[in-house]
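Undergrad: Following this line is target29.txt, made up of compact mmCIF, C-alpha atoms:
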```
# COMPACT_ATOMS: atom_id res chain seq x y z
CA MET A 1 7.94 -30.89 11.35
CA CYS A 2 6.20 -27.58 11.86
CA GLY A 3 6.15 -26.40 15.45
CA ARG A 4 5.31 -22.72 15.12
CA ASN A 5 3.40 -20.63 12.58
CA ALA A 6 2.58 -17.01 11.77
CA LEU A 7 -0.19 -15.26 9.88
CA PHE A 8 -0.04 -11.49 9.59
CA ALA A 9 -1.27 -10.71 6.09
CA THR A 10 -4.12 -8.24 6.03
CA GLN A 11 -7.63 -9.63 6.10
CA GLU A 12 -8.25 -8.09 2.68
CA ASP A 13 -5.21 -9.84 1.22
CA LEU A 14 -6.17 -13.17 2.79
CA GLU A 15 -9.71 -13.08 1.51
CA LYS A 16 -8.61 -12.04 -1.97
CA HIS A 17 -5.78 -14.58 -2.19
CA PHE A 18 -7.83 -17.57 -1.05
CA GLY A 19 -11.26 -16.52 -2.31
CA ALA A 20 -12.76 -17.01 1.14
CA GLU A 21 -14.29 -14.85 3.85
CA VAL A 22 -13.10 -14.61 7.45
CA VAL A 23 -15.84 -15.98 9.73
CA THR A 24 -13.83 -16.32 12.93
CA ASP A 25 -15.59 -15.30 16.13
CA GLY A 26 -14.08 -12.00 17.23
CA GLY A 27 -12.68 -11.26 13.77
CA TYR A 28 -9.20 -11.54 12.35
CA ALA A 29 -6.02 -10.32 14.04
CA PRO A 30 -2.44 -10.63 12.73
CA ARG A 31 -0.27 -13.04 14.72
CA TYR A 32 3.48 -13.50 14.57
CA ASN A 33 4.05 -16.47 16.86
CA ILE A 34 1.33 -19.14 16.87
CA ALA A 35 2.15 -22.11 19.06
CA PRO A 36 0.62 -25.60 19.26
CA GLY A 37 -2.57 -25.57 21.29
CA GLU A 38 -3.54 -22.16 19.92
CA GLN A 39 -5.88 -21.39 17.03
CA LEU A 40 -4.82 -21.78 13.40
CA ASP A 41 -6.61 -20.10 10.51
CA VAL A 42 -7.92 -22.81 8.19
CA ILE A 43 -10.08 -23.44 5.15
CA THR A 44 -11.73 -26.86 5.21
CA ASN A 45 -13.31 -28.94 2.47
CA ARG A 46 -16.55 -28.61 4.44
CA ALA A 47 -16.56 -24.81 4.08
CA ALA A 48 -14.23 -23.87 1.23
CA ALA A 49 -15.46 -20.26 1.12
CA GLU A 50 -14.73 -19.59 4.81
CA ILE A 51 -11.60 -18.84 6.82
CA ASP A 52 -12.17 -20.13 10.34
CA GLN A 53 -9.97 -20.97 13.32
CA TYR A 54 -9.34 -24.50 14.62
CA HIS A 55 -7.37 -25.76 17.60
CA TRP A 56 -3.80 -26.67 16.58
CA GLY A 57 -3.47 -30.29 17.63
CA LEU A 58 -5.64 -33.00 16.15
CA LEU A 59 -7.73 -34.78 18.77
CA PRO A 60 -8.76 -38.25 17.59
CA SER A 61 -12.52 -38.73 17.82
CA TRP A 62 -12.00 -41.82 19.96
CA ALA A 63 -9.79 -40.09 22.55
CA ASP A 64 -11.32 -40.02 26.05
CA ASP A 65 -9.56 -36.79 27.00
CA PRO A 66 -8.79 -33.99 24.55
CA GLY A 67 -5.31 -33.18 25.81
CA GLU A 68 -3.15 -31.04 23.54
CA GLY A 69 -3.56 -33.12 20.40
CA ILE A 70 -1.15 -34.08 17.61
CA ILE A 71 0.32 -31.02 15.90
CA ASN A 72 1.95 -32.76 12.91
CA ALA A 73 1.24 -35.91 10.90
CA ARG A 74 3.69 -37.68 8.62
CA SER A 75 2.05 -37.68 5.20
CA GLU A 76 3.71 -40.98 4.30
CA THR A 77 1.83 -42.87 7.04
CA ALA A 78 -1.26 -40.74 7.77
CA ALA A 79 -3.56 -43.09 5.86
CA GLU A 80 -2.44 -45.99 8.03
CA LYS A 81 -2.46 -44.42 11.48
CA ARG A 82 -5.60 -44.79 13.56
CA ALA A 83 -5.40 -41.18 14.75
CA PHE A 84 -5.47 -39.79 11.19
CA ARG A 85 -7.12 -42.49 9.06
CA ASP A 86 -10.63 -41.03 8.91
CA ALA A 87 -9.42 -37.46 8.54
CA TRP A 88 -7.04 -38.47 5.76
CA ASP A 89 -9.86 -40.14 3.90
CA SER A 90 -12.36 -37.29 3.96
CA ARG A 91 -11.26 -34.17 5.87
CA PRO A 92 -8.46 -32.23 4.14
CA CYS A 93 -7.91 -28.57 4.92
CA LEU A 94 -5.63 -25.64 4.21
CA VAL A 95 -3.61 -24.11 7.04
CA LEU A 96 -2.88 -20.48 6.21
CA SER A 97 0.56 -19.04 6.86
CA SER A 98 2.73 -15.98 6.35
CA GLY A 99 5.72 -18.12 7.26
CA PHE A 100 6.59 -20.90 9.66
CA TYR A 101 9.52 -21.36 12.05
CA GLU A 102 11.99 -24.18 12.43
CA TRP A 103 14.97 -24.75 14.70
CA GLN A 104 18.33 -25.97 13.39
CA LYS A 105 20.53 -28.13 15.60
CA ARG A 106 24.08 -26.90 15.97
CA ASP A 107 27.21 -28.76 17.05
CA SER A 108 27.18 -26.73 20.22
CA GLY A 109 24.91 -24.21 21.88
CA PRO A 110 21.16 -23.77 21.52
CA LYS A 111 19.19 -24.51 18.38
CA GLN A 112 19.04 -21.65 15.89
CA PRO A 113 15.52 -20.53 14.87
CA TYR A 114 14.73 -19.74 11.24
CA ARG A 115 11.78 -18.12 9.54
CA ILE A 116 10.69 -19.78 6.28
CA TYR A 117 8.37 -17.79 4.03
CA ARG A 118 7.38 -16.84 0.49
CA GLU A 119 8.51 -13.38 -0.48
CA ASP A 120 6.16 -13.16 -3.46
CA ALA A 121 2.89 -13.90 -1.63
CA PRO A 122 1.12 -12.36 1.38
CA ALA A 123 0.27 -15.86 2.55
CA PHE A 124 0.36 -19.47 1.42
CA ALA A 125 -1.35 -22.71 2.35
CA MET A 126 0.05 -25.74 4.11
CA ALA A 127 -1.72 -29.09 3.77
CA GLY A 128 -3.63 -30.21 6.84
CA LEU A 129 -6.28 -32.57 8.16
CA TRP A 130 -9.17 -31.59 10.40
CA GLU A 131 -11.31 -33.39 12.94
CA VAL A 132 -14.10 -32.59 15.41
CA TRP A 133 -13.62 -34.03 18.87
CA GLU A 134 -16.98 -34.45 20.59
CA GLY A 135 -16.93 -34.19 24.37
CA GLU A 136 -19.69 -34.25 26.94
CA GLU A 137 -19.45 -30.53 27.55
CA ARG A 138 -18.05 -29.16 24.29
CA ASP A 139 -16.92 -30.03 20.79
CA ILE A 140 -13.46 -29.03 19.55
CA SER A 141 -12.68 -28.43 15.89
CA CYS A 142 -9.01 -29.24 15.50
CA VAL A 143 -6.28 -29.60 12.90
CA THR A 144 -2.88 -31.15 12.25
CA ILE A 145 -0.30 -30.07 9.67
CA LEU A 146 1.03 -32.70 7.29
CA THR A 147 4.79 -33.01 6.84
CA THR A 148 7.14 -34.56 4.30
CA GLU A 149 10.83 -34.84 3.49
CA PRO A 150 12.71 -31.51 3.30
CA ASN A 151 13.49 -29.78 0.03
CA ASP A 152 16.94 -28.34 -0.69
CA LEU A 153 16.23 -25.16 1.24
CA MET A 154 15.01 -26.95 4.35
CA GLN A 155 17.41 -29.88 4.40
CA PRO A 156 20.21 -28.05 6.29
CA ILE A 157 17.70 -26.76 8.84
CA HIS A 158 15.53 -29.78 9.65
CA ASP A 159 14.81 -33.29 8.40
CA ARG A 160 11.09 -32.61 7.93
CA MET A 161 9.02 -29.77 6.52
CA PRO A 162 5.33 -28.97 6.23
CA ILE A 163 3.68 -29.64 2.90
CA VAL A 164 3.54 -26.19 1.31
CA LEU A 165 1.04 -26.21 -1.52
CA PRO A 166 2.02 -24.40 -4.75
CA ASP A 167 -0.29 -21.67 -6.01
CA GLY A 168 -3.24 -23.21 -7.80
CA ALA A 169 -3.10 -26.47 -5.85
CA GLU A 170 -5.25 -25.35 -2.93
CA GLU A 171 -8.62 -26.20 -4.49
CA THR A 172 -7.30 -29.54 -5.72
CA TRP A 173 -6.16 -30.43 -2.20
CA LEU A 174 -9.64 -29.75 -0.84
CA THR A 175 -11.55 -31.58 -3.56
CA ALA A 176 -9.29 -34.49 -4.54
CA GLY A 177 -9.60 -38.04 -3.31
CA PRO A 178 -7.06 -39.67 -0.98
CA ASP A 179 -4.93 -41.14 -3.77
CA GLU A 180 -4.56 -37.85 -5.60
CA ARG A 181 -3.79 -36.02 -2.37
CA ALA A 182 -1.15 -38.61 -1.54
CA ASN A 183 0.59 -37.74 -4.81
CA MET A 184 0.56 -34.07 -3.78
CA CYS A 185 2.44 -34.76 -0.55
CA GLN A 186 5.85 -33.82 -1.90
CA PRO A 187 8.58 -31.41 -0.80
CA TYR A 188 7.78 -27.92 -2.02
CA PRO A 189 9.00 -27.94 -5.63
CA ASP A 190 9.58 -24.26 -6.35
CA ASP A 191 12.51 -22.02 -5.50
CA ASP A 192 10.48 -19.12 -4.15
CA LEU A 193 10.75 -20.17 -0.51
CA GLU A 194 13.24 -18.12 1.52
CA ALA A 195 14.76 -18.70 4.95
CA TYR A 196 16.70 -16.55 7.37
CA GLU A 197 17.92 -16.69 10.94
CA ILE A 198 15.90 -14.92 13.58
CA SER A 199 16.51 -14.31 17.26
CA MET A 200 15.59 -16.52 20.21
CA HIS A 201 12.72 -14.09 20.78
CA VAL A 202 10.50 -16.57 18.91
CA ASN A 203 11.17 -19.29 21.47
CA SER A 204 8.56 -17.91 23.85
CA PRO A 205 4.97 -17.96 22.54
CA ASP A 206 4.33 -14.93 24.74
CA ASN A 207 6.33 -12.89 22.23
CA ASP A 208 3.81 -12.18 19.49
CA ASP A 209 4.82 -9.00 17.69
CA PRO A 210 6.70 -7.94 14.52
CA SER A 211 10.07 -8.14 16.27
CA VAL A 212 9.80 -11.94 16.08
CA ILE A 213 10.44 -11.93 12.33
CA GLU A 214 13.39 -9.54 12.35
CA SER A 215 16.42 -10.99 10.57
CA LEU A 216 19.74 -11.44 12.30
CA GLY A 217 21.24 -9.87 9.19
CA HIS A 218 22.30 -12.70 6.90
CA GLU A 219 19.35 -14.03 4.94
CA GLN A 220 19.74 -17.41 3.27
CA SER A 221 18.26 -18.52 -0.03
CA GLY A 222 19.90 -21.80 -0.99
CA LEU A 223 21.50 -24.98 0.26
CA GLY A 224 25.06 -23.79 -0.24
CA ASP A 225 24.48 -20.61 1.73
CA PHE A 226 23.82 -22.23 5.07
CA SER A 227 26.48 -22.44 7.71
CA LEU A 228 26.39 -25.44 10.00
CA GLU A 229 28.97 -24.08 12.40
```
Show the structure stored in the file as structure tokens.

TA:
Amino acid sequence: MCGRNALFATQEDLEKHFGAEVVTDGGYAPRYNIAPGEQLDVITNRAAAEIDQYHWGLLPSWADDPGEGIINARSETAAEKRAFRDAWDSRPCLVLSSGFYEWQKRDSGPKQPYRIYREDAPAFAMAGLWEVWEGEERDISCVTILTTEPNDLMQPIHDRMPIVLPDGAEETWLTAGPDERANMCQPYPDDDLEAYEISMHVNSPDNDDPSVIESLGHEQSGLGDFSLE
């Protein structure tokens, strides 16, 4: 799954990397600890030249009450599920990230948080689906992040991971049909993802500052490096 995100690249780097302009009301601000229910920076197939912000938690159009929404969708079944069927068919998007967080279960004690990121890029895109929930008083543009099986890096940490799109695949994700996008829903294939342990500081969404991403001092880069103690 993907239960927390960060985006702290500069606006200049974001716009250059994705070939899109920030249009968010109030402008862009770096964030180190984005929780479900907050705003995610996205690029949709409806506005591929714009970086906007959508509510993190997909609200099905048929839902009577918005609630918090569904933060993740299993890519293997998204086309079949009522909540995602229409969005899967015609509303793909990119969810921008400077790194996401995941928690590893241990034999004892609390779960250990990790930061997963790409060292060679200011930001990357995760595959998502977007929707607009229409209420009597307001409409809510919302998004969910698609997940898949873990790659070798993620497998010791969690049994799911977000679909991280390789460089050059972003435009294809936005323009392809459902069948082609289904074929893209694979564990991240490259070895340029890194992961390292961070402190429990990330556990509270109120903590949104650079200290969240500080390493505990033993960065990991491969399956054999992880300790499951």

Undergrad: Between A:Arg31, A:Tyr196, A:Lys111, A:Cys2, which one has atoms that come closest to Ala127 in chain A, using only C-alpha atoms?

TA: A:Cys2

Undergrad: How close does range 144-199 of chain A get to range 19-28 of chain A? List, as JSON lines, each residue of range 144-199 of chain A within 12 Å, its nearest atom pair and the distance in Å to one decimal, counting only C-alpha atoms.

TA:
```
{"residue": "A:Gly168", "atom": "CA", "partner": "A:Gly19", "partner_atom": "CA", "distance": 11.8}
{"residue": "A:Glu170", "atom": "CA", "partner": "A:Gly19", "partner_atom": "CA", "distance": 10.7}
{"residue": "A:Glu171", "atom": "CA", "partner": "A:Gly19", "partner_atom": "CA", "distance": 10.3}
```

Undergrad: Which residues of range 52-75 of chain A sit at most 6 Å from range 128-152 of chain A, using only C-alpha atoms? Give each one's shortest atom pair and distance in Å (one decimal place), in chain and ascending residue order, as JSON lines.

TA:
```
{"residue": "A:Tyr54", "atom": "CA", "partner": "A:Cys142", "partner_atom": "CA", "distance": 4.8}
{"residue": "A:His55", "atom": "CA", "partner": "A:Cys142", "partner_atom": "CA", "distance": 4.4}
{"residue": "A:Trp56", "atom": "CA", "partner": "A:Val143", "partner_atom": "CA", "distance": 5.3}
{"residue": "A:Gly57", "atom": "CA", "partner": "A:Thr144", "partner_atom": "CA", "distance": 5.5}
{"residue": "A:Leu58", "atom": "CA", "partner": "A:Val143", "partner_atom": "CA", "distance": 4.7}
{"residue": "A:Leu59", "atom": "CA", "partner": "A:Trp133", "partner_atom": "CA", "distance": 5.9}
{"residue": "A:Ser61", "atom": "CA", "partner": "A:Trp133", "partner_atom": "CA", "distance": 4.9}
{"residue": "A:Ile71", "atom": "CA", "partner": "A:Thr144", "partner_atom": "CA", "distance": 4.9}
{"residue": "A:Asn72", "atom": "CA", "partner": "A:Ile145", "partner_atom": "CA", "distance": 4.8}
{"residue": "A:Ala73", "atom": "CA", "partner": "A:Leu146", "partner_atom": "CA", "distance": 4.8}
{"residue": "A:Arg74", "atom": "CA", "partner": "A:Thr147", "partner_atom": "CA", "distance": 5.1}
{"residue": "A:Ser75", "atom": "CA", "partner": "A:Leu146", "partner_atom": "CA", "distance": 5.5}
```

Undergrad: When you draw a straight line from CA of Phe18 in chain A to CA of Val42 in chain A, how long is it in Å?

TA: 10.6 Å

Undergrad: For Asn207 in chain A, which residue among A:Thr10, A:Asn5, A:Thr77, A:Asn33 is the nearest when counting all atoms listed in the file?

TA: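 Residue with the minimum atom-to-atom distance to Asn207 in chain A: A:Asn33.
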
Undergrad: With distances taken over only C-alpha atoms, which residue among A:Ala9, A:Leu174, A:Met126, A:Leu40 lies nearest Ser90 in chain A?

TA: A:Leu174

Undergrad: Under the rule that all atoms listed in the file are counted, which of A:Gln155, A:Arg181, A:Gly3, A:Asp190 is the nearest residue to Arg118 in chain A?

TA: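 That would be A:Asp190, the residue with the smallest distance to Arg118 in chain A.
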
Undergrad: List the spatial neighbours of Trp173 in chain A as a PyMOL selection string - criterion: any atom at most 12 Å away, only C-alpha atoms, same-chain residues fewer than 5 positions off excluded.

TA: chain A and resi 43-45+48+88+90-95+125-129+163-168+178-185

Undergrad: What's the separation between CA of Glu197 in chain A and CA of Ser108 in chain A, in Å to one decimal place?

TA: 16.5 Å

Undergrad: Report, in Å to a single decimal, how far apart CA of Ile34 in chain A and CA of Glu194 in chain A are.

TA: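 Interatomic distance, CA of Glu194 in chain A to CA of Ile34 in chain A: 19.5 Å.
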
Undergrad: I'd like the contact shell of Ile116 in chain A - 6 Å cut-off, only C-alpha atoms, skipping same-chain residues fewer than 6 positions apart - returned as a ChimeraX atom specification.

TA: /A:99-100,194-195

Undergrad: For Pro122 in chain A, please output as an NGL selection string all residues within 8 Å (counting only C-alpha atoms; exclusion window: fewer than 6 positions along the same chain).

TA: :A and (9 or 13-14 or 98)

Undergrad: For Ile157 in chain A, list every protein, DNA or RNA residue within 7 Å, evaluated using all atoms listed in the file, and leave out those in the same chain fewer than 3 positions away; present the list as a PDB file with C-alpha atoms, in the coordinates of the input.

TA:
```pdb
ATOM      1  CA  TRP A 103      14.970 -24.750  14.700  1.00  0.00           C
ATOM      2  CA  GLN A 104      18.330 -25.970  13.390  1.00  0.00           C
ATOM      3  CA  MET A 154      15.010 -26.950   4.350  1.00  0.00           C
TER       4      MET A 154
END
```

Undergrad: Closest to Ser97 in chain A among A:Asp159, A:Pro36, A:Ile198, A:Tyr117, using all atoms listed in the file?

TA: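 Result for the nearest residue to Ser97 in chain A: A:Tyr117.
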
Undergrad: Could you check the closest approach to Gly177 in chain A for each of A:Ala6, A:Met1, A:Ala49, A:Ala87 and tell me which residue wins, using all atoms listed in the file?

TA: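 That would be A:Ala87, the residue with the smallest distance to Gly177 in chain A.
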